[in-house]
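*Asks:* Have a peek at start_25.pdb (PDB, C-alpha atoms and all ligand atoms).
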```pdb
ATOM      1  CA  MET A 272     -12.947   0.160 -15.938
ATOM      2  CA  LYS A 273     -10.982  -1.584 -13.194
ATOM      3  CA  ASN A 274     -12.054  -1.526  -9.555
ATOM      4  CA  ILE A 275      -9.525  -0.478  -6.931
ATOM      5  CA  VAL A 276     -10.248  -1.259  -3.271
ATOM      6  CA  ILE A 277      -7.977   0.530  -0.787
ATOM      7  CA  LEU A 278      -7.392  -0.685   2.783
ATOM      8  CA  ILE A 279      -6.376   1.816   5.461
ATOM      9  CA  SER A 280      -5.987   1.891   9.242
ATOM     10  CA  GLY A 281      -5.572   5.613   9.896
ATOM     11  CA  ARG A 282      -4.779   8.903   8.218
ATOM     12  CA  GLY A 283      -4.995   7.587   4.671
ATOM     13  CA  SER A 284      -2.761  10.156   2.991
ATOM     14  CA  ASN A 285      -1.530   7.591   0.453
ATOM     15  CA  MET A 286      -5.149   6.649  -0.260
ATOM     16  CA  GLU A 287      -5.901  10.340  -0.838
ATOM     17  CA  ALA A 288      -2.997  10.636  -3.274
ATOM     18  CA  ILE A 289      -4.276   7.606  -5.205
ATOM     19  CA  VAL A 290      -7.891   8.874  -5.280
ATOM     20  CA  LYS A 291      -6.761  12.286  -6.569
ATOM     21  CA  ALA A 292      -4.383  10.904  -9.215
ATOM     22  CA  CYS A 293      -6.985   8.396 -10.433
ATOM     23  CA  ALA A 294      -9.505  11.207 -11.007
ATOM     24  CA  GLN A 295      -7.108  13.865 -12.320
ATOM     25  CA  GLU A 296      -5.208  11.561 -14.679
ATOM     26  CA  GLN A 297      -8.353   9.698 -15.782
ATOM     27  CA  TRP A 298      -7.026   6.201 -15.171
ATOM     28  CA  PRO A 299      -9.000   3.293 -16.675
ATOM     29  CA  ALA A 300     -10.076   2.568 -13.104
ATOM     30  CA  ARG A 301     -12.050   3.892 -10.180
ATOM     31  CA  VAL A 302     -11.597   3.644  -6.438
ATOM     32  CA  ALA A 303     -14.612   1.448  -5.681
ATOM     33  CA  ALA A 304     -14.228   1.408  -1.910
ATOM     34  CA  VAL A 305     -12.049   2.296   1.047
ATOM     35  CA  VAL A 306     -12.114  -0.308   3.823
ATOM     36  CA  SER A 307     -10.657   0.084   7.309
ATOM     37  CA  ASN A 308     -10.179  -2.134  10.343
ATOM     38  CA  LYS A 309     -10.780   0.965  12.501
ATOM     39  CA  ALA A 310     -13.950   3.057  12.535
ATOM     40  CA  SER A 311     -11.826   5.990  13.773
ATOM     41  CA  ALA A 312      -9.556   6.008  10.702
ATOM     42  CA  SER A 313      -9.636   9.638   9.574
ATOM     43  CA  GLY A 314      -9.153   8.677   5.937
ATOM     44  CA  LEU A 315     -12.690   7.246   5.866
ATOM     45  CA  GLN A 316     -14.077  10.774   6.018
ATOM     46  CA  PHE A 317     -12.071  11.897   2.986
ATOM     47  CA  ALA A 318     -13.331   8.879   1.039
ATOM     48  CA  ALA A 319     -16.963   9.471   1.989
ATOM     49  CA  GLU A 320     -16.680  13.156   1.061
ATOM     50  CA  HIS A 321     -15.453  12.096  -2.365
ATOM     51  CA  GLY A 322     -18.420   9.798  -2.960
ATOM     52  CA  ILE A 323     -16.442   6.601  -2.402
ATOM     53  CA  ALA A 324     -18.083   3.679  -0.597
ATOM     54  CA  THR A 325     -16.559   2.979   2.805
ATOM     55  CA  ALA A 326     -16.695  -0.025   5.094
ATOM     56  CA  VAL A 327     -15.294  -0.956   8.488
ATOM     57  CA  VAL A 328     -14.359  -4.471   9.559
ATOM     58  CA  ASP A 329     -13.216  -4.135  13.166
ATOM     59  CA  HIS A 330     -10.517  -6.729  13.885
ATOM     60  CA  LYS A 331     -11.377  -6.577  17.586
ATOM     61  CA  ALA A 332     -14.740  -8.201  16.867
ATOM     62  CA  PHE A 333     -13.077 -11.462  15.753
ATOM     63  CA  ASP A 334     -11.464 -14.275  17.749
ATOM     64  CA  SER A 335      -8.795 -15.107  15.208
ATOM     65  CA  ARG A 336      -6.889 -13.635  12.288
ATOM     66  CA  GLU A 337      -8.544 -16.232  10.032
ATOM     67  CA  ALA A 338     -12.051 -15.136  11.042
ATOM     68  CA  PHE A 339     -11.162 -11.459  10.571
ATOM     69  CA  ASP A 340      -9.551 -12.049   7.187
ATOM     70  CA  THR A 341     -12.500 -14.160   5.986
ATOM     71  CA  GLU A 342     -14.932 -11.347   6.753
ATOM     72  CA  LEU A 343     -12.548  -8.726   5.365
ATOM     73  CA  ALA A 344     -12.306 -10.639   2.083
ATOM     74  CA  ARG A 345     -16.090 -11.039   1.930
ATOM     75  CA  VAL A 346     -16.528  -7.255   2.255
ATOM     76  CA  ILE A 347     -13.748  -6.480  -0.242
ATOM     77  CA  ASP A 348     -15.095  -8.990  -2.778
ATOM     78  CA  GLY A 349     -18.472  -7.244  -2.627
ATOM     79  CA  PHE A 350     -16.754  -4.407  -4.533
ATOM     80  CA  GLN A 351     -15.404  -6.774  -7.215
ATOM     81  CA  PRO A 352     -11.792  -5.605  -6.943
ATOM     82  CA  ASP A 353      -9.266  -5.947  -9.742
ATOM     83  CA  VAL A 354      -6.608  -4.730  -7.340
ATOM     84  CA  VAL A 355      -6.498  -4.425  -3.549
ATOM     85  CA  VAL A 356      -4.187  -1.663  -2.323
ATOM     86  CA  LEU A 357      -2.825  -1.701   1.233
ATOM     87  CA  ALA A 358      -2.172   1.925   2.204
ATOM     88  CA  GLY A 359      -1.115   2.082   5.824
ATOM     89  CA  PHE A 360      -3.173  -1.012   6.658
ATOM     90  CA  MET A 361      -1.610  -2.117   9.928
ATOM     91  CA  ARG A 362      -2.764  -5.733  10.215
ATOM     92  CA  ILE A 363      -0.738  -8.829   9.434
ATOM     93  CA  LEU A 364      -2.678 -10.816   6.847
ATOM     94  CA  THR A 365      -3.103 -14.580   6.795
ATOM     95  CA  GLU A 366      -1.661 -16.728   4.043
ATOM     96  CA  GLY A 367      -5.206 -17.623   2.935
ATOM     97  CA  PHE A 368      -6.095 -13.943   2.452
ATOM     98  CA  VAL A 369      -2.896 -13.195   0.564
ATOM     99  CA  ARG A 370      -3.360 -16.212  -1.711
ATOM    100  CA  HIS A 371      -6.996 -15.207  -2.405
ATOM    101  CA  TYR A 372      -5.658 -11.941  -3.905
ATOM    102  CA  ASP A 373      -2.540 -13.472  -5.429
ATOM    103  CA  GLY A 374      -1.058 -11.133  -8.023
ATOM    104  CA  ARG A 375      -3.465  -8.267  -7.307
ATOM    105  CA  LEU A 376      -2.527  -7.236  -3.760
ATOM    106  CA  LEU A 377      -0.183  -4.233  -3.451
ATOM    107  CA  ASN A 378       1.507  -2.774  -0.369
ATOM    108  CA  ILE A 379       3.608   0.244   0.471
ATOM    109  CA  HIS A 380       6.212  -0.270   3.166
ATOM    110  CA  PRO A 381       8.233   2.611   4.628
ATOM    111  CA  SER A 382      11.727   1.213   4.083
ATOM    112  CA  LEU A 383      14.008   0.199   1.287
ATOM    113  CA  LEU A 384      13.123  -3.502   1.345
ATOM    114  CA  PRO A 385      14.554  -6.022   1.938
ATOM    115  CA  ALA A 386      16.003  -3.806   4.698
ATOM    116  CA  PHE A 387      13.801  -3.210   7.728
ATOM    117  CA  PRO A 388      10.631  -5.244   7.304
ATOM    118  CA  GLY A 389       8.191  -4.775  10.193
ATOM    119  CA  LEU A 390       7.670  -1.741  12.402
ATOM    120  CA  HIS A 391       9.665   1.369  13.428
ATOM    121  CA  THR A 392      11.489   1.388  10.110
ATOM    122  CA  HIS A 393      12.702   5.002  10.198
ATOM    123  CA  GLN A 394      14.040   4.777  13.740
ATOM    124  CA  ARG A 395      15.848   1.568  12.854
ATOM    125  CA  ALA A 396      17.358   3.157   9.733
ATOM    126  CA  ILE A 397      18.643   6.118  11.775
ATOM    127  CA  GLU A 398      20.059   3.836  14.497
ATOM    128  CA  ALA A 399      21.803   1.703  11.883
ATOM    129  CA  GLY A 400      23.561   4.785  10.525
ATOM    130  CA  CYS A 401      21.898   4.489   7.121
ATOM    131  CA  GLN A 402      22.621   7.452   4.858
ATOM    132  CA  VAL A 403      19.510   6.825   2.779
ATOM    133  CA  ALA A 404      16.030   5.640   3.673
ATOM    134  CA  GLY A 405      12.818   5.312   1.730
ATOM    135  CA  ALA A 406       9.771   3.281   0.860
ATOM    136  CA  THR A 407       8.894   0.315  -1.338
ATOM    137  CA  VAL A 408       5.785  -0.617  -3.313
ATOM    138  CA  HIS A 409       5.585  -4.362  -3.786
ATOM    139  CA  LEU A 410       3.238  -7.204  -4.597
ATOM    140  CA  VAL A 411       2.215  -8.958  -1.401
ATOM    141  CA  THR A 412       3.280 -12.543  -0.743
ATOM    142  CA  PRO A 413       2.604 -14.523   2.440
ATOM    143  CA  GLU A 414       5.951 -13.558   4.001
ATOM    144  CA  LEU A 415       5.591 -10.158   5.739
ATOM    145  CA  ASP A 416       7.012  -7.206   3.768
ATOM    146  CA  HIS A 417       8.421  -9.379   1.011
ATOM    147  CA  GLY A 418       7.258  -9.875  -2.551
ATOM    148  CA  PRO A 419       8.263  -8.582  -5.972
ATOM    149  CA  ILE A 420       9.274  -4.917  -5.920
ATOM    150  CA  ILE A 421       7.425  -2.541  -8.266
ATOM    151  CA  ALA A 422       9.066   0.759  -7.277
ATOM    152  CA  GLN A 423      11.221   2.326  -4.600
ATOM    153  CA  ALA A 424      11.624   5.846  -3.266
ATOM    154  CA  VAL A 425      14.861   7.014  -1.722
ATOM    155  CA  VAL A 426      15.648  10.071   0.400
ATOM    156  CA  PRO A 427      18.745  11.114   2.365
ATOM    157  CA  VAL A 428      18.947  10.624   6.116
ATOM    158  CA  LEU A 429      20.085  14.030   7.363
ATOM    159  CA  PRO A 430      22.099  14.818  10.493
ATOM    160  CA  GLY A 431      19.719  15.465  13.366
ATOM    161  CA  ASP A 432      16.834  13.534  11.779
ATOM    162  CA  SER A 433      14.211  12.103  14.118
ATOM    163  CA  ASP A 434      11.973   9.257  13.065
ATOM    164  CA  SER A 435       9.202  11.797  12.402
ATOM    165  CA  SER A 436      11.316  14.186  10.304
ATOM    166  CA  LEU A 437      12.572  11.244   8.262
ATOM    167  CA  ALA A 438       9.057   9.806   7.942
ATOM    168  CA  ALA A 439       7.786  13.150   6.636
ATOM    169  CA  ARG A 440      10.538  13.277   3.997
ATOM    170  CA  VAL A 441       9.777   9.720   2.898
ATOM    171  CA  LEU A 442       6.010  10.358   2.841
ATOM    172  CA  VAL A 443       6.387  13.094   0.202
ATOM    173  CA  GLN A 444       7.933  10.494  -2.082
ATOM    174  CA  GLU A 445       5.343   7.851  -1.130
ATOM    175  CA  HIS A 446       2.658  10.210  -2.434
ATOM    176  CA  ARG A 447       4.455  10.419  -5.797
ATOM    177  CA  MET A 448       5.364   6.757  -6.062
ATOM    178  CA  TYR A 449       2.262   4.871  -4.920
ATOM    179  CA  PRO A 450      -0.221   6.485  -7.352
ATOM    180  CA  GLN A 451       2.214   5.878 -10.208
ATOM    181  CA  ALA A 452       2.676   2.227  -9.229
ATOM    182  CA  VAL A 453      -1.091   1.629  -8.918
ATOM    183  CA  ARG A 454      -1.577   3.330 -12.269
ATOM    184  CA  TRP A 455       0.961   0.988 -13.918
ATOM    185  CA  PHE A 456      -0.902  -1.911 -12.356
ATOM    186  CA  VAL A 457      -4.395  -0.920 -13.549
ATOM    187  CA  GLU A 458      -3.003  -0.152 -17.002
ATOM    188  CA  GLY A 459      -1.727  -3.729 -17.167
ATOM    189  CA  ALA A 460       1.898  -2.632 -17.356
ATOM    190  CA  VAL A 461       3.100  -4.698 -14.375
ATOM    191  CA  ARG A 462       4.201  -8.271 -14.989
ATOM    192  CA  VAL A 463       6.133 -10.701 -12.808
ATOM    193  CA  GLY A 464       8.734 -12.587 -14.804
ATOM    194  CA  ALA A 465       9.857 -16.187 -14.432
ATOM    195  CA  ASP A 466      12.735 -14.776 -12.376
ATOM    196  CA  GLY A 467      10.207 -13.560  -9.790
ATOM    197  CA  ARG A 468      11.024  -9.928 -10.544
ATOM    198  CA  VAL A 469       8.596  -7.237 -11.659
ATOM    199  CA  HIS A 470       8.831  -5.901 -15.188
ATOM    200  CA  VAL A 471       7.045  -2.675 -16.095
ATOM    201  CA  ALA A 472       6.042  -2.459 -19.740
ATOM    202  CA  GLU A 473       6.592   1.242 -20.325
ATOM    203  CA  PRO A 474       9.930   3.009 -20.101
ATOM    204  CA  ALA A 475       9.189   3.796 -16.525
ATOM    205  CA  ALA A 476      11.406   5.377 -13.925
ATOM    206  CA  ARG A 477      10.861   3.052 -10.992
ATOM    207  CA  VAL A 478      13.068   4.981  -8.591
ATOM    208  CA  PHE A 479      11.598   8.079  -6.939
ATOM    209  CA  SER A 480      13.899  10.400  -5.048
ATOM    210  CA  GLY A 481      13.862  13.635  -3.189
TER     211      GLY A 481
HETATM  212  C1  LIG A 501       2.845   5.232   5.340
HETATM  213  O1  LIG A 501       4.071   5.834   5.630
HETATM  214  C2  LIG A 501       3.058   3.796   4.915
HETATM  215  O2  LIG A 501       4.249   3.604   4.206
HETATM  216  C3  LIG A 501       3.104   3.091   6.234
HETATM  217  O3  LIG A 501       2.141   3.721   7.035
HETATM  218  C4  LIG A 501       2.002   5.078   6.599
HETATM  219  C5  LIG A 501       0.522   5.301   6.345
HETATM  220  O4  LIG A 501       0.281   6.661   6.120
HETATM  221  N1  LIG A 501       2.820   1.689   6.088
HETATM  222  C6  LIG A 501       3.237   0.759   6.952
HETATM  223  O5  LIG A 501       3.904   1.015   7.927
HETATM  224  C7  LIG A 501       2.810  -0.645   6.617
HETATM  225  N2  LIG A 501       3.464  -1.585   7.452
HETATM  226  P1  LIG A 501      -1.082   7.099   5.446
HETATM  227  O6  LIG A 501      -2.204   6.431   6.248
HETATM  228  O7  LIG A 501      -1.107   8.592   5.616
HETATM  229  O8  LIG A 501      -1.067   6.657   4.014
END
```
For this file, produce the structure as structure tokens.
Ligand code: GAR
*Replies:*
Amino acid sequence: MKNIVILISGRGSNMEAIVKACAQEQWPARVAAVVSNKASASGLQFAAEHGIATAVVDHKAFDSREAFDTELARVIDGFQPDVVVLAGFMRILTEGFVRHYDGRLLNIHPSLLPAFPGLHTHQRAIEAGCQVAGATVHLVTPELDHGPIIAQAVVPVLPGDSDSSLAARVLVQEHRMYPQAVRWFVEGAVRVGADGRVHVAEPAARVFSG
């Protein structure tokens, strides 16, 4: 049984989707803990109601990113994680933290990487005239919003879209894609080749669309 630790900063709808899929599909894994940098993150309540351990490490209580990340890792490691899943965790992580979880740290980013790393991805996609937008699940490397791509979700950008209407369309696909990607990971189906690209062992559709 593998241990999944999920990091959130807010709503936690991707975390919810992973918790539900893990239970319903009987993965060889359990969500051991949900950890947030904000005590106000509403997703913590969902986790607690589902009998999942929760913890808060408030970044504001630390003088430096290094000090915050050291304490964050100490708390996460208390749950003996096989995989650490960033699900709307809105802190930039230090290289030391990322290296500590090398090969077992996953992120979902709301753009079709390598386009639009960083913030305000949907607004930037609309302003650039993109006809498609989406989200990417990838292994985390020290460079922000980079790292080997496990899966991508693509949706159309429609005339009249606002950043929130586009975000809502992308989020529906995030909730399909992220549980599937975490499941591949805990089933041992994800491998990074010598070419630096992800290979998924089963005949998996790695593009989600809607
Ligand atoms: C999701 O759209 C996720 O892709 C994005 O935050 C949202 C979190 O929603 N992540 C990032 O922007 C990471 N830089 P959720 O809390 O409901 O899962």
*Asks:* Separation of atom CA of A:Pro419 and atom CA of A:Val461, in Å?
*Replies:*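 Calculated distance between atom CA of A:Pro419 and atom CA of A:Val461 is 10.6 Å.
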*Asks:* What's the 12 Å shell around A:Leu442, counting only C-alpha atoms, without same-chain residues fewer than 3 positions away, as an MDAnalysis selection string?
*Replies:* chainID A and resid 283:285 288 358:359 379:382 393 404:407 424:426 434:439 445:449 479:481
*Asks:* Between A:Gly467, A:Gly389, A:Gly367, A:Pro413, which is the closest to ligand LIG 501 (chain A) once you count all atoms listed in the file?
*Replies:*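 So, comparing all the options, the nearest one is A:Gly389.
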*Asks:* For the PyMOL selection byres (((chain A and resi 318) around 10) and not hetatm), applied here, can you spell out every residue it catches as a PyMOL selection string?
*Replies:* chain A and resi 283+286-287+290+302+304-306+313-317+319-325
*Asks:* For ligand LIG 501 (chain A), take all atoms listed in the file, fit an axis-aligned box around them, add 5 Å to each of the six sides, then output centre and edge lengths in Å rounded to one decimal, as JSON.
*Replies:*
```
{"center_x": 1.0, "center_y": 3.5, "center_z": 6.0, "size_x": 16.5, "size_y": 20.2, "size_z": 13.9}
```
*Asks:* For A:Gly459, list every protein, DNA or RNA residue within 12 Å, evaluated using only C-alpha atoms, and leave out those in the same chain fewer than 3 positions away; present the list as a PyMOL selection string.
*Replies:* chain A and resi 272-273+298-300+353-354+374-375+452-456+462-463+470-473
*Asks:* Which residues are close to A:Cys401, i.e. within 9 Å by all atoms listed in the file, leaving aside same-chain residues fewer than 5 positions away? Reply as a PyMOL selection string.
*Replies:* chain A and resi 395-396+427-428
*Asks:* From the options A:Arg301, A:Arg336, A:Arg370, A:His417, which residue's atoms come nearest to A:Pro388, counting all atoms listed in the file?
*Replies:*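 Among the listed residues, A:His417 lies closest to A:Pro388.
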*Asks:* Mind telling me what the PyMOL selection byres (((chain A and resi 330) around 8) and not hetatm) catches here, as a PyMOL selection string?
*Replies:* chain A and resi 308-309+328-329+331-333+336+339
*Asks:* Can you measure atom O7 of ligand LIG 501 (chain A) to atom CA of A:Gly281 for me? One decimal in Å is fine.
*Replies:* 6.9 Å
*Asks:* Could you work out how far atom CA of A:Val355 lies from atom CA of A:Val441, giving the answer in Å with one decimal?
*Replies:*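 We find that atom CA of A:Val441 and atom CA of A:Val355 lie 22.5 Å from each other.
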*Asks:* For ligand LIG 501 (chain A), which of A:Met361, A:Leu415, A:Val478, A:Ala422 is the closest residue, counting all atoms listed in the file?
*Replies:* A:Met361
*Asks:* Between A:Lys291, A:Ser280, A:Asp373, A:Ala460, single out the one closest to ligand LIG 501 (chain A), counting all atoms listed in the file.
*Replies:*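 Looking only at the distances to ligand LIG 501 (chain A), the closest residue turns out to be A:Ser280.
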*Asks:* For the file shown, report as a ChimeraX atom specification the outcome of the PyMOL selection byres (((chain A and resi 348) around 12) and not hetatm) at residue level.
*Replies:* /A:274-276,303-304,306,340-347,349-355,368,371-372
*Asks:* Restricting the calculation to only C-alpha atoms and all ligand atoms, which member of A:Pro430, A:Glu366, A:Ala399, A:Val443 is positioned closest to ligand LIG 501 (chain A)?
*Replies:*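 Answer, going by the shortest atom-to-atom distance: A:Val443.
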*Asks:* For a cut-off of 6 Å around (-6.0, 1.9, 1.2), file coordinates, pick out all residues using all atoms listed in the file and list them as a list of chain:residue names.
*Replies:*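 Protein, DNA and RNA residues close to (-6.0, 1.9, 1.2): A:Ile277, A:Leu278, A:Ile279, A:Met286, A:Val356, A:Leu357, A:Ala358.
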*Asks:* Would you mind putting all heavy atoms back on stretch 369-380 of chain A and writing the result as a compact mmCIF listing (two decimals), in the coordinates of the input?
*Replies:*
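Writing the result to out-v4.txt gives the following:
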```
# COMPACT_ATOMS: atom_id res chain seq x y z
N VAL A 369 -3.87 -13.63 1.57
CA VAL A 369 -2.90 -13.20 0.56
C VAL A 369 -3.03 -14.04 -0.70
O VAL A 369 -3.01 -13.52 -1.83
CB VAL A 369 -1.47 -13.28 1.15
CG1 VAL A 369 -0.43 -13.03 0.07
CG2 VAL A 369 -1.30 -12.28 2.29
N ARG A 370 -3.23 -15.34 -0.53
CA ARG A 370 -3.36 -16.21 -1.71
C ARG A 370 -4.64 -15.91 -2.49
O ARG A 370 -4.67 -15.99 -3.72
CB ARG A 370 -3.33 -17.68 -1.30
CG ARG A 370 -2.00 -18.10 -0.71
CD ARG A 370 -1.49 -19.43 -1.27
NE ARG A 370 -0.24 -19.80 -0.64
CZ ARG A 370 0.96 -19.36 -1.03
NH1 ARG A 370 1.08 -18.54 -2.06
NH2 ARG A 370 2.05 -19.74 -0.39
N HIS A 371 -5.71 -15.55 -1.76
CA HIS A 371 -7.00 -15.21 -2.40
C HIS A 371 -6.81 -14.05 -3.40
O HIS A 371 -7.47 -14.00 -4.43
CB HIS A 371 -8.01 -14.84 -1.32
CG HIS A 371 -9.37 -14.50 -1.83
ND1 HIS A 371 -10.21 -15.43 -2.41
CD2 HIS A 371 -10.04 -13.32 -1.86
CE1 HIS A 371 -11.34 -14.84 -2.76
NE2 HIS A 371 -11.27 -13.55 -2.45
N TYR A 372 -5.89 -13.11 -3.05
CA TYR A 372 -5.66 -11.94 -3.90
C TYR A 372 -4.30 -12.04 -4.62
O TYR A 372 -3.72 -11.00 -4.98
CB TYR A 372 -5.75 -10.65 -3.08
CG TYR A 372 -7.13 -10.43 -2.50
CD1 TYR A 372 -7.37 -10.62 -1.13
CD2 TYR A 372 -8.20 -10.10 -3.32
CE1 TYR A 372 -8.65 -10.46 -0.61
CE2 TYR A 372 -9.47 -9.94 -2.81
CZ TYR A 372 -9.69 -10.12 -1.45
OH TYR A 372 -10.96 -9.97 -0.94
N ASP A 373 -3.85 -13.25 -4.83
CA ASP A 373 -2.54 -13.47 -5.43
C ASP A 373 -2.39 -12.68 -6.74
O ASP A 373 -3.23 -12.78 -7.63
CB ASP A 373 -2.36 -14.97 -5.71
CG ASP A 373 -0.95 -15.29 -6.15
OD1 ASP A 373 -0.03 -14.58 -5.72
OD2 ASP A 373 -0.77 -16.25 -6.93
N GLY A 374 -1.33 -11.88 -6.80
CA GLY A 374 -1.06 -11.13 -8.02
C GLY A 374 -1.83 -9.84 -8.17
O GLY A 374 -1.67 -9.12 -9.16
N ARG A 375 -2.71 -9.54 -7.23
CA ARG A 375 -3.46 -8.27 -7.31
C ARG A 375 -3.57 -7.59 -5.95
O ARG A 375 -4.53 -6.85 -5.67
CB ARG A 375 -4.86 -8.48 -7.93
CG ARG A 375 -5.68 -9.53 -7.22
CD ARG A 375 -6.99 -9.83 -7.94
NE ARG A 375 -7.66 -10.94 -7.30
CZ ARG A 375 -8.89 -10.93 -6.85
NH1 ARG A 375 -9.65 -9.88 -7.03
NH2 ARG A 375 -9.40 -11.99 -6.26
N LEU A 376 -2.58 -7.84 -5.09
CA LEU A 376 -2.53 -7.24 -3.76
C LEU A 376 -1.22 -6.44 -3.65
O LEU A 376 -0.12 -7.01 -3.74
CB LEU A 376 -2.59 -8.34 -2.70
CG LEU A 376 -2.64 -7.97 -1.23
CD1 LEU A 376 -3.83 -7.06 -0.92
CD2 LEU A 376 -2.72 -9.23 -0.36
N LEU A 377 -1.35 -5.11 -3.51
CA LEU A 377 -0.18 -4.23 -3.45
C LEU A 377 -0.02 -3.66 -2.05
O LEU A 377 -1.00 -3.43 -1.34
CB LEU A 377 -0.32 -3.06 -4.43
CG LEU A 377 -0.59 -3.35 -5.90
CD1 LEU A 377 -0.56 -2.05 -6.71
CD2 LEU A 377 0.43 -4.33 -6.45
N ASN A 378 1.23 -3.37 -1.67
CA ASN A 378 1.51 -2.77 -0.37
C ASN A 378 2.57 -1.70 -0.54
O ASN A 378 3.41 -1.77 -1.43
CB ASN A 378 2.02 -3.84 0.61
CG ASN A 378 2.27 -3.29 2.00
OD1 ASN A 378 1.45 -2.52 2.52
ND2 ASN A 378 3.38 -3.65 2.62
N ILE A 379 2.48 -0.69 0.35
CA ILE A 379 3.61 0.24 0.47
C ILE A 379 4.19 0.07 1.86
O ILE A 379 3.46 0.03 2.86
CB ILE A 379 3.21 1.71 0.19
CG1 ILE A 379 4.46 2.58 0.08
CG2 ILE A 379 2.22 2.25 1.22
CD1 ILE A 379 4.23 3.92 -0.60
N HIS A 380 5.51 -0.07 1.90
CA HIS A 380 6.21 -0.27 3.17
C HIS A 380 7.26 0.82 3.30
O HIS A 380 8.02 1.08 2.36
CB HIS A 380 6.86 -1.66 3.21
CG HIS A 380 7.61 -1.90 4.47
ND1 HIS A 380 6.98 -2.17 5.66
CD2 HIS A 380 8.94 -1.85 4.74
CE1 HIS A 380 7.88 -2.30 6.61
NE2 HIS A 380 9.08 -2.11 6.08
```
